[in-house]
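S.K.: I'd like to ask some things about the structure below.
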Amino acid sequence: MKPIHNTLGLIAIVLASLTTTYAQDPLPSWNDTAPKKAIVAFVEKVTKEGSPDFIQPNERIATFDNDGTLWCEKPMPIQLFFALDRVKELAPQHPEWKDKEPFASLLKGDVKAAMAGGEHALLEIVMATHTGMTTGEFEKMVKDWIATAKHPTTKQPFTKMVYQPMIELLAYLRANGFKTFIVSGGGIEFMRPWTEGVYGIPPEQVVGSSGKTKYEIRDGQPVLVKLPEINFIDDKEGKPVGINQHIGRKPILSAGNVFSGGDIAMLRYCQSHPGATLQLMVNHDDAVREFAYAEPDDASLKAAAANGWMVVNMKNDWKKIFAFENK
């Protein structure tokens with residue numbers, strides 16, 4: 001039998017080797033292209049004491065859009081899948097939905113027709129399925145749903161439809177003293193129950209759209225009841241407002257994606273920070289491994305070009321998109 005000290009020495013060498021390897025490549029799912037180089041260079045210059053671009057840890061704020069930036073948003077945003085399942089569940093209590101849009105189309109399985117009503121139809125669906133309960137009841141509902149719900153195309157759990165390169169980026173930033181936040185147009189109370197387990201982002205670091213709530217005493221206990229009224233829409237120009245209200249500091253790094261122009265204002269707000277900044281715009285150009293789509297007017301790509309933001313092309317810049325890929 002080998003001496004114990006020799007075995008321990010071998011283990012120490014292996015662990016040191018692994019640590020060195022990780023330190024050399026903190027973003028293993030990223031190809032060695034311009035975005036990866038820009039990220040590493042940015043982190044190094046803002047965290048190196050004595051650097052002219054050094055930023056104190058308390059100012060190292062990074063904000064990330066969620067849908068299409070941290071996880072898949074096609075064939076439709078995941079929160080909408082939740083809402084559709086809730087419509088089916090609640091339908092027996094609402095016989096009038098059989099003849100009322102957008103619910104009638106949803107119950108027939110025609111999502112496209114239901115969404116023809118645009119933002120108004122979406123708000124009707126959300127108000128009908130996300131309110132009339134306490135915040136605690138809604139949290140449990142979301143946790144139970146997301147524990148089993150699966151993506152219709154990949155058949156993977158929705159919690160596995162997160163982008164592996166972005167998971168690595170979040171971890172890399174936190175390892176270098178950054179505080180990472182989600183700033184999303186999605187519902188804040190839909191995201192908070194699961195973001196810590198999936199992204200390592202706790203609920204208090206999630207900024208999103210919200211409905212109004214009301215304080216009540218039920219069975220001798222204080223509760224917050226979700227009302228069918230909009231409180232705040234955290235999208236487009238609302239994102240800088242949400243950042244100011246919830247975070248109170250401008251981010252020095254922001255990441256969004258090329259869909260509906262929803263992240264342009266956030267990236268512009270980030271760039272207005274007086275110190276060094278970095279803006280990332282994820283471009284969905286890989287129809288084989290994910291989905292290929294863009295805005296009809298290319299607003300986000302045009303904004304990226306005009307402002308010098310880094311465009312991350314899924315097809316060429318990411319070795320792997322999802323952790324479950326065989327490659």
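Starting from 1 in every chain, residues are counted up; chains themselves are A, B, ... following the order of the structure tokens, and ligands are numbered from 1 as listed.
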For the helix (DSSP H, G or I) assignment from backbone DSSP, which residues of region 4-176 of chain A qualify? Please present them as an MDAnalysis selection string.

M.R.: chainID A and resid 4:24 34:47 57:59 78:93 95:99 103:107 111:130 135:146 158:160 164:175

S.K.: Excluding same-chain residues fewer than 5 positions from region 318-320 of chain A, what lies within 7 Å of it counting only C-alpha atoms, as a PyMOL selection string?

M.R.: chain A and resi 29-31+164-165+325

S.K.: Give me, as a PyMOL selection string, all polymer residues having an atom no more than 12 Å from Leu80 (chain A), counting only C-alpha atoms and skipping those fewer than 2 positions away in the same chain.

M.R.: chain A and resi 67+73-78+82-87+106+111+114-115+121-126+129-130+151+186-187+190

S.K.: List every residue of region 178-234 of chain A that DSSP, applied to the backbone, labels as strand (DSSP E or B), and write the result as an NGL selection string.

M.R.: :A and (179-187 or 206-218 or 221-232)

S.K.: For Val183 (chain A), list every protein, DNA or RNA residue within 12 Å, evaluated using only C-alpha atoms, and leave out those in the same chain fewer than 3 positions away; present the list as a ChimeraX atom specification.

M.R.: /A:61-67,69-70,180,186-188,191-192,195,201,203-209,233-247,251,254-256,262-263,265-267

S.K.: Would you mind telling me which residue in A:Ser300, A:Thr153, A:Asn257, A:Asn307 lies nearest to Gln271 (chain A) when using only C-alpha atoms?

M.R.: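 Nearest candidate to Gln271 (chain A) out of A:Ser300, A:Thr153, A:Asn257, A:Asn307: A:Asn307.
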
S.K.: Could you name the residues that touch Phe178 (chain A) at 9 Å or less, counting only C-alpha atoms, but leaving out those on the same chain fewer than 5 positions away, as a ChimeraX atom specification?

M.R.: /A:57-62,170,172-173
